[in-house]
$ cat entry_7.txt   # compact mmCIF, C-alpha atoms
# COMPACT_ATOMS: atom_id res chain seq x y z
CA MET A 23 19.46 40.12 7.60
CA GLN A 24 19.89 42.78 4.93
CA ASN A 25 20.62 46.37 5.82
CA LYS A 26 17.48 48.50 5.65
CA ALA A 27 17.01 52.10 4.63
CA LYS A 28 17.19 54.48 7.57
CA ARG A 29 13.45 55.21 7.54
CA ASN A 30 12.47 51.56 7.07
CA LYS A 31 10.95 50.46 10.39
CA THR A 32 9.84 47.00 9.24
CA LEU A 33 10.22 44.35 11.95
CA ASP A 34 11.86 41.31 10.35
CA ILE A 35 14.04 39.56 12.91
CA SER A 36 14.63 35.83 12.58
CA LEU A 37 13.60 33.12 15.02
CA GLU A 38 17.25 32.62 15.96
CA GLU A 39 17.65 36.31 16.74
CA GLY A 40 14.42 36.37 18.73
CA MET A 41 14.59 33.23 20.85
CA ASP A 42 14.33 35.33 24.00
CA TYR A 43 10.99 36.63 22.76
CA PHE A 44 9.85 33.18 21.66
CA SER A 45 10.53 31.81 25.15
CA ARG A 46 7.75 34.07 26.45
CA CYS A 47 5.11 32.18 24.45
CA LEU A 48 3.04 29.24 25.62
CA SER A 49 2.84 26.05 23.56
CA GLU A 50 0.31 23.33 22.77
CA ASN A 51 1.78 21.35 25.69
CA SER A 52 1.42 24.16 28.22
CA THR A 53 -1.31 24.18 30.85
CA LEU A 54 -3.94 26.33 29.19
CA ASN A 55 -6.31 27.62 31.83
CA LYS A 56 -7.77 31.09 32.29
CA ASN A 57 -5.12 32.02 34.84
CA ASN A 58 -2.13 31.54 32.55
CA ILE A 59 -3.39 32.23 29.00
CA ILE A 60 -4.37 35.86 29.58
CA ASN A 61 -2.07 38.31 27.79
CA LYS A 62 -0.19 35.46 26.15
CA THR A 63 0.74 34.29 22.68
CA ILE A 64 0.23 30.53 22.26
CA CYS A 65 2.39 28.95 19.56
CA GLY A 66 0.91 26.00 17.76
CA ASP A 67 -1.92 24.68 15.61
CA THR A 68 -5.06 26.62 16.48
CA PHE A 69 -7.23 23.54 15.82
CA ALA A 70 -5.21 21.55 18.38
CA ILE A 71 -5.14 24.37 20.93
CA MET A 72 -8.72 25.67 20.95
CA PRO A 73 -10.24 22.47 22.44
CA LYS A 74 -7.87 22.90 25.40
CA LEU A 75 -8.90 26.47 26.19
CA PRO A 76 -11.38 27.38 28.98
CA ARG A 77 -15.04 27.71 28.12
CA CYS A 78 -16.87 31.05 27.83
CA PHE A 79 -13.88 33.35 28.36
CA VAL A 80 -13.96 35.54 25.21
CA ASP A 81 -15.65 38.96 25.14
CA LEU A 82 -14.54 39.87 21.62
CA LEU A 83 -13.34 37.58 18.85
CA ILE A 84 -11.30 38.95 15.94
CA VAL A 85 -10.54 36.42 13.22
CA ASP A 86 -8.25 36.97 10.24
CA PRO A 87 -8.14 33.44 8.80
CA PRO A 88 -6.14 32.48 5.74
CA TYR A 89 -8.10 33.64 2.73
CA ASN A 90 -8.85 30.99 0.14
CA LEU A 91 -5.62 31.74 -1.71
CA SER A 92 -2.41 29.75 -2.09
CA LYS A 93 0.10 31.63 0.03
CA ASN A 94 3.40 31.03 1.77
CA TYR A 95 3.51 32.55 5.25
CA HIS A 96 7.27 32.31 5.85
CA GLY A 97 7.26 28.53 5.50
CA SER A 98 3.69 27.90 6.65
CA LYS A 99 1.80 27.24 3.44
CA PHE A 100 -1.93 27.51 2.84
CA ALA A 101 -3.34 25.99 -0.35
CA ALA A 102 -6.41 27.33 -2.12
CA ALA A 103 -9.31 24.87 -2.08
CA SER A 104 -12.71 24.53 -3.66
CA ASP A 105 -15.54 26.65 -2.27
CA ALA A 106 -16.99 23.57 -0.59
CA GLU A 107 -13.69 22.69 1.08
CA TYR A 108 -13.16 26.27 2.27
CA ALA A 109 -16.70 26.26 3.70
CA LYS A 110 -15.78 23.08 5.63
CA TYR A 111 -12.62 24.80 6.89
CA THR A 112 -14.67 27.80 8.04
CA ASN A 113 -17.23 25.56 9.76
CA LYS A 114 -14.38 23.74 11.50
CA TRP A 115 -12.86 26.80 13.19
CA ILE A 116 -16.26 28.27 14.04
CA LYS A 117 -17.40 25.09 15.80
CA GLN A 118 -14.22 25.08 17.88
CA ILE A 119 -14.60 28.75 18.76
CA LEU A 120 -18.27 28.68 19.78
CA PRO A 121 -17.73 27.14 23.26
CA LEU A 122 -15.10 29.80 24.03
CA LEU A 123 -17.42 32.79 23.56
CA LYS A 124 -19.40 34.49 26.30
CA PRO A 125 -23.19 34.77 25.70
CA ASN A 126 -22.81 38.51 24.97
CA ALA A 127 -19.68 38.21 22.81
CA SER A 128 -19.18 39.91 19.46
CA LEU A 129 -17.00 38.80 16.57
CA TYR A 130 -15.39 40.23 13.45
CA VAL A 131 -14.10 38.09 10.58
CA CYS A 132 -11.76 39.48 7.91
CA CYS A 133 -11.89 38.21 4.32
CA ASP A 134 -11.38 39.14 0.68
CA TRP A 135 -14.28 39.33 -1.76
CA LYS A 136 -14.10 35.67 -2.76
CA SER A 137 -13.84 34.19 0.71
CA SER A 138 -16.44 36.71 1.93
CA LEU A 139 -19.11 34.99 -0.15
CA ILE A 140 -18.38 31.75 1.68
CA ILE A 141 -17.69 33.08 5.17
CA GLY A 142 -20.78 35.28 5.27
CA THR A 143 -23.01 32.32 4.39
CA VAL A 144 -21.42 30.09 7.05
CA LEU A 145 -21.57 32.76 9.75
CA LYS A 146 -25.34 33.08 9.36
CA LYS A 147 -25.71 29.46 10.47
CA TYR A 148 -24.24 30.20 13.89
CA PHE A 149 -24.50 33.92 14.68
CA ASN A 150 -26.59 37.04 14.32
CA VAL A 151 -24.87 38.77 11.41
CA ARG A 152 -25.11 42.52 12.02
CA ASN A 153 -23.20 44.09 9.16
CA ARG A 154 -20.49 43.77 6.57
CA ILE A 155 -17.75 46.39 6.72
CA THR A 156 -15.83 47.11 3.53
CA TRP A 157 -12.28 48.38 3.99
CA GLN A 158 -10.53 50.20 1.16
CA ARG A 159 -6.95 49.16 1.82
CA GLU A 160 -5.27 51.22 -0.91
CA LYS A 161 -3.25 48.37 -2.27
CA GLY A 162 -3.76 45.71 -4.88
CA ARG A 163 -2.22 44.56 -8.12
CA GLY A 164 -3.62 45.95 -11.32
CA ALA A 165 -5.26 43.54 -13.75
CA LYS A 166 -5.51 43.78 -17.53
CA ALA A 167 -8.85 41.99 -17.78
CA ASN A 168 -10.43 42.76 -14.40
CA TRP A 169 -10.84 45.50 -11.81
CA LYS A 170 -8.01 46.09 -9.35
CA ASN A 171 -8.83 44.39 -6.05
CA GLY A 172 -8.38 47.13 -3.44
CA MET A 173 -11.11 46.17 -0.95
CA GLU A 174 -11.56 43.68 1.88
CA ASP A 175 -14.62 42.74 3.93
CA ILE A 176 -15.03 42.41 7.68
CA TRP A 177 -18.15 40.60 8.89
CA PHE A 178 -19.64 41.81 12.18
CA ALA A 179 -21.75 39.32 14.13
CA THR A 180 -22.92 38.63 17.68
CA ILE A 181 -24.01 35.65 19.74
CA SER A 182 -27.25 37.33 20.84
CA ASP A 183 -29.06 40.66 20.95
CA ASP A 184 -27.17 41.48 24.16
CA TYR A 185 -23.84 42.87 22.98
CA THR A 186 -21.48 45.84 23.38
CA PHE A 187 -21.34 48.67 20.87
CA ASN A 188 -19.61 51.87 21.98
CA LEU A 189 -20.66 54.32 19.27
CA ASP A 190 -19.00 57.40 20.77
CA ALA A 191 -15.66 55.60 20.91
CA VAL A 192 -15.48 55.15 17.14
CA LYS A 193 -16.86 58.37 15.71
CA VAL A 194 -14.79 59.76 12.85
CA ARG A 195 -13.51 63.34 12.80
CA LYS A 196 -14.19 64.92 9.41
CA LYS A 197 -13.65 68.40 8.04
CA VAL A 198 -16.73 70.60 7.81
CA LEU A 199 -17.06 71.94 4.27
CA ALA A 200 -20.09 74.16 4.93
CA PRO A 201 -20.03 75.17 8.61
CA TYR A 202 -23.55 76.07 9.76
CA LYS A 203 -24.18 78.29 12.76
CA GLU A 204 -27.24 78.63 14.93
CA ASN A 205 -27.58 81.81 17.02
CA GLY A 206 -24.02 82.64 16.05
CA LYS A 207 -22.62 79.37 17.43
CA PRO A 208 -21.33 76.29 15.58
CA LYS A 209 -24.04 73.65 15.06
CA ASP A 210 -22.75 70.08 15.29
CA TRP A 211 -19.13 71.06 14.66
CA GLU A 212 -16.22 72.64 16.51
CA GLU A 213 -13.26 74.89 15.81
CA THR A 214 -9.94 73.18 16.55
CA ALA A 215 -6.27 73.92 15.97
CA ASP A 216 -6.60 71.81 12.82
CA GLY A 217 -9.67 73.64 11.52
CA LYS A 218 -13.42 73.08 11.57
CA TYR A 219 -14.42 69.49 12.32
CA ARG A 220 -17.45 67.35 13.03
CA ASN A 221 -17.43 63.99 14.80
CA THR A 222 -19.69 61.74 12.73
CA CYS A 223 -21.14 58.25 13.12
CA PRO A 224 -18.99 55.69 11.30
CA SER A 225 -20.40 53.85 8.32
CA ASN A 226 -19.64 50.35 7.11
CA PHE A 227 -17.34 51.71 4.39
CA TRP A 228 -13.89 52.53 5.72
CA ASP A 229 -11.64 54.58 3.45
CA ASP A 230 -9.55 56.21 6.18
CA ILE A 231 -7.11 53.35 6.86
CA SER A 232 -4.04 52.43 4.86
CA ILE A 233 -2.19 49.14 5.08
CA PRO A 234 1.00 49.27 7.20
CA TYR A 235 3.92 50.64 5.19
CA TRP A 236 7.67 50.20 5.65
CA SER A 237 8.01 53.65 7.25
CA MET A 238 5.36 52.93 9.93
CA PRO A 239 6.61 51.67 13.33
CA GLU A 240 3.93 48.96 13.43
CA ASN A 241 4.99 47.37 10.13
CA THR A 242 6.34 43.82 9.99
CA ALA A 243 7.36 41.53 7.15
CA HIS A 244 4.11 39.56 7.50
CA PRO A 245 2.50 39.37 4.02
CA THR A 246 -1.09 40.10 5.15
CA GLN A 247 -0.68 42.26 8.25
CA LYS A 248 -3.74 44.28 9.32
CA PRO A 249 -3.32 47.91 10.50
CA GLU A 250 -3.57 48.73 14.19
CA LYS A 251 -5.99 51.54 13.36
CA LEU A 252 -8.42 49.07 11.77
CA ILE A 253 -8.25 46.66 14.68
CA ALA A 254 -8.58 49.59 17.14
CA LYS A 255 -11.99 50.46 15.67
CA LEU A 256 -13.21 46.91 16.20
CA ILE A 257 -11.88 46.72 19.76
CA LEU A 258 -13.15 50.13 20.87
CA ALA A 259 -16.60 49.55 19.39
CA SER A 260 -17.20 46.05 20.68
CA SER A 261 -15.37 45.69 23.98
CA ASN A 262 -14.69 47.57 27.20
CA LYS A 263 -11.49 48.04 29.16
CA GLY A 264 -10.49 44.84 30.90
CA ASP A 265 -12.38 42.63 28.42
CA ILE A 266 -10.67 39.66 26.78
CA VAL A 267 -9.97 39.85 23.04
CA PHE A 268 -9.16 36.55 21.31
CA ASP A 269 -7.46 36.04 17.94
CA PRO A 270 -7.03 32.39 16.83
CA PHE A 271 -4.97 33.31 13.73
CA ALA A 272 -2.76 35.94 15.35
CA GLY A 273 -0.12 36.44 12.65
CA SER A 274 2.34 39.12 13.71
CA GLY A 275 0.21 40.03 16.72
CA THR A 276 -1.70 43.14 15.64
CA THR A 277 -4.85 42.19 17.57
CA SER A 278 -2.93 41.46 20.77
CA VAL A 279 -0.79 44.59 20.48
CA THR A 280 -3.77 46.86 19.81
CA ALA A 281 -5.78 45.29 22.64
CA LYS A 282 -2.87 45.93 25.01
CA LYS A 283 -2.56 49.55 23.90
CA LEU A 284 -6.28 50.07 24.51
CA GLY A 285 -6.39 48.56 27.98
CA ARG A 286 -7.90 45.18 27.07
CA LYS A 287 -6.67 41.69 27.84
CA PHE A 288 -5.72 39.40 24.98
CA VAL A 289 -5.06 35.83 23.90
CA GLY A 290 -3.52 35.01 20.53
CA ILE A 291 -2.74 31.72 18.80
CA GLU A 292 -0.16 31.54 16.00
CA GLN A 293 1.54 28.47 14.53
CA ASN A 294 4.48 30.26 12.88
CA LYS A 295 7.31 30.62 15.40
CA THR A 296 8.86 33.63 13.67
CA TYR A 297 5.54 35.48 13.77
CA CYS A 298 5.31 34.68 17.49
CA VAL A 299 8.70 36.37 17.92
CA TRP A 300 7.43 39.48 16.12
CA SER A 301 4.30 39.50 18.27
CA GLU A 302 6.28 39.40 21.49
CA LYS A 303 8.68 42.08 20.28
CA ARG A 304 5.74 44.34 19.41
CA LEU A 305 4.05 43.63 22.75
CA GLU A 306 7.22 44.65 24.54
CA LYS A 307 7.38 47.90 22.57
CA ALA A 308 3.74 48.58 23.47
CA ASP A 309 4.74 48.87 27.13
CA ALA A 310 6.51 52.14 26.33
CA ASP A 311 4.59 53.33 23.26
CA LYS A 312 0.80 53.03 23.19
CA THR A 313 0.28 55.25 20.15
CA ILE A 314 -1.85 54.03 17.25
CA GLN A 315 -1.19 55.80 13.97
CA GLY A 316 -4.32 57.66 12.85
CA TYR A 317 -5.95 57.56 16.30
CA THR A 318 -5.13 60.36 18.75
CA ASP A 319 -6.78 61.49 22.00
CA GLY A 320 -9.88 59.43 21.34
CA ILE A 321 -10.26 60.63 17.74
CA PHE A 322 -10.02 58.67 14.49
CA TRP A 323 -8.65 61.01 11.85
CA GLU A 324 -9.63 60.77 8.20
CA ARG A 325 -6.06 59.87 7.33
CA ASN A 326 -3.10 58.67 9.39
CA ALA A 327 -2.50 61.85 11.40
CA SER A 328 -4.02 65.18 12.36
CA GLN A 329 -2.74 68.31 10.67
CA GLN A 330 -0.84 69.31 13.82
CA GLN A 331 0.95 65.94 13.90
CA LYS A 332 1.87 66.26 10.23
CA LYS A 333 3.54 69.61 10.94
CA LYS A 334 5.86 68.08 13.55

$ encode --input "entry_7.txt" --output "structure tokens"
Amino acid sequence: MQNKAKRNKTLDISLEEGMDYFSRCLSENSTLNKNNIINKTICGDTFAIMPKLPRCFVDLLIVDPPYNLSKNYHGSKFAAASDAEYAKYTNKWIKQILPLLKPNASLYVCCDWKSSLIIGTVLKKYFNVRNRITWQREKGRGAKANWKNGMEDIWFATISDDYTFNLDAVKVRKKVLAPYKENGKPKDWEETADGKYRNTCPSNFWDDISIPYWSMPENTAHPTQKPEKLIAKLILASSNKGDIVFDPFAGSGTTSVTAKKLGRKFVGIEQNKTYCVWSEKRLEKADADKTIQGYTDGIFWERNASQQQKKK
């Protein structure tokens, strides 16, 4: 492994270096019942594993499937397909997931703009689609004959009209530009050490979350890693402490790690052994450090830290 810059916190240990972490994972051949899968990473093919999982155990499903792009995930390759073939692929994982969800479960599915057109259509066949969140991820290659692709979608759906949504847990703290007072007292805002702020209802456009960078403790070498702050919003809004959060395409473990930090239970499936190592390493670190960059004391800041944190 190459020497990294002092401030580079990227997790990039090899499978050989992390065999102790890998030994903590379950496999396709393990006994997979509700007693032993909770708070575990299961290494293997998600399509082979899901039929073996217990029925109706999931409170919240977070899915970050391979987008319909040709990509090499450290040796695990995904090949772009036709729209029809990708729709079949989406139908396949949804049909396997359906029996695992509780009647009041919610789900979020991540996608880029191309796969969003397909996934959104397929989701409507099985679920009540509630919204489409657009996340401005602040990264994307420029294009000479097209617009830079700096957005991703997250579809929000539920099994039924009986579902969890904790609005107060995901309000966003924003600066008040024109503080209004009533009878000499702040109206709908408060004075803090950081200035004048208002906690507002979140919209379905999220421009307050950056992708993980090399200087962030949560960063790994995974090519499509989601930020903990993004996943935290989904978990806080649509689950309660002690609920089970399931991720069938776990990658480097962001869903599991964030669920653990927020007092939820988790189950993650990932076929890449190296990514399983990174997940377990991050889960171990979460025992001692439950911080989520950009989320402090129950508040989602507009950027990655409050003004007081930036001064430290």

$ residues_near_point --input "entry_7.txt" --point "(-17.3, 43.3, 20.0)" --cutoff "10 Å" --atoms "all atoms listed in the file" --output "NGL selection string"
:A and (80-84 or 126-130 or 178-180 or 185-188 or 255-262 or 265 or 267)

$ residues_around --input "entry_7.txt" --residues "Lys93 (chain A)" --least-positions-apart "3" --cutoff "12 Å" --atoms "only C-alpha atoms" --output "MDAnalysis selection string"
chainID A and resid 88:90 96:103 244:246

$ atom_distance --input "entry_7.txt" --atom1 "CA of Ala281 (chain A)" --atom2 "CA of Leu145 (chain A)"
23.9 Å

$ closest_residue --input "entry_7.txt" --among "A:Leu284, A:Met173, A:Ile291, A:Leu139" --to "Phe69 (chain A)" --atoms "all atoms listed in the file"
A:Ile291

$ closest_residue --input "entry_7.txt" --among "A:Ala191, A:Pro76, A:Val151, A:Lys136" --to "Asn171 (chain A)" --atoms "only C-alpha atoms"
A:Lys136
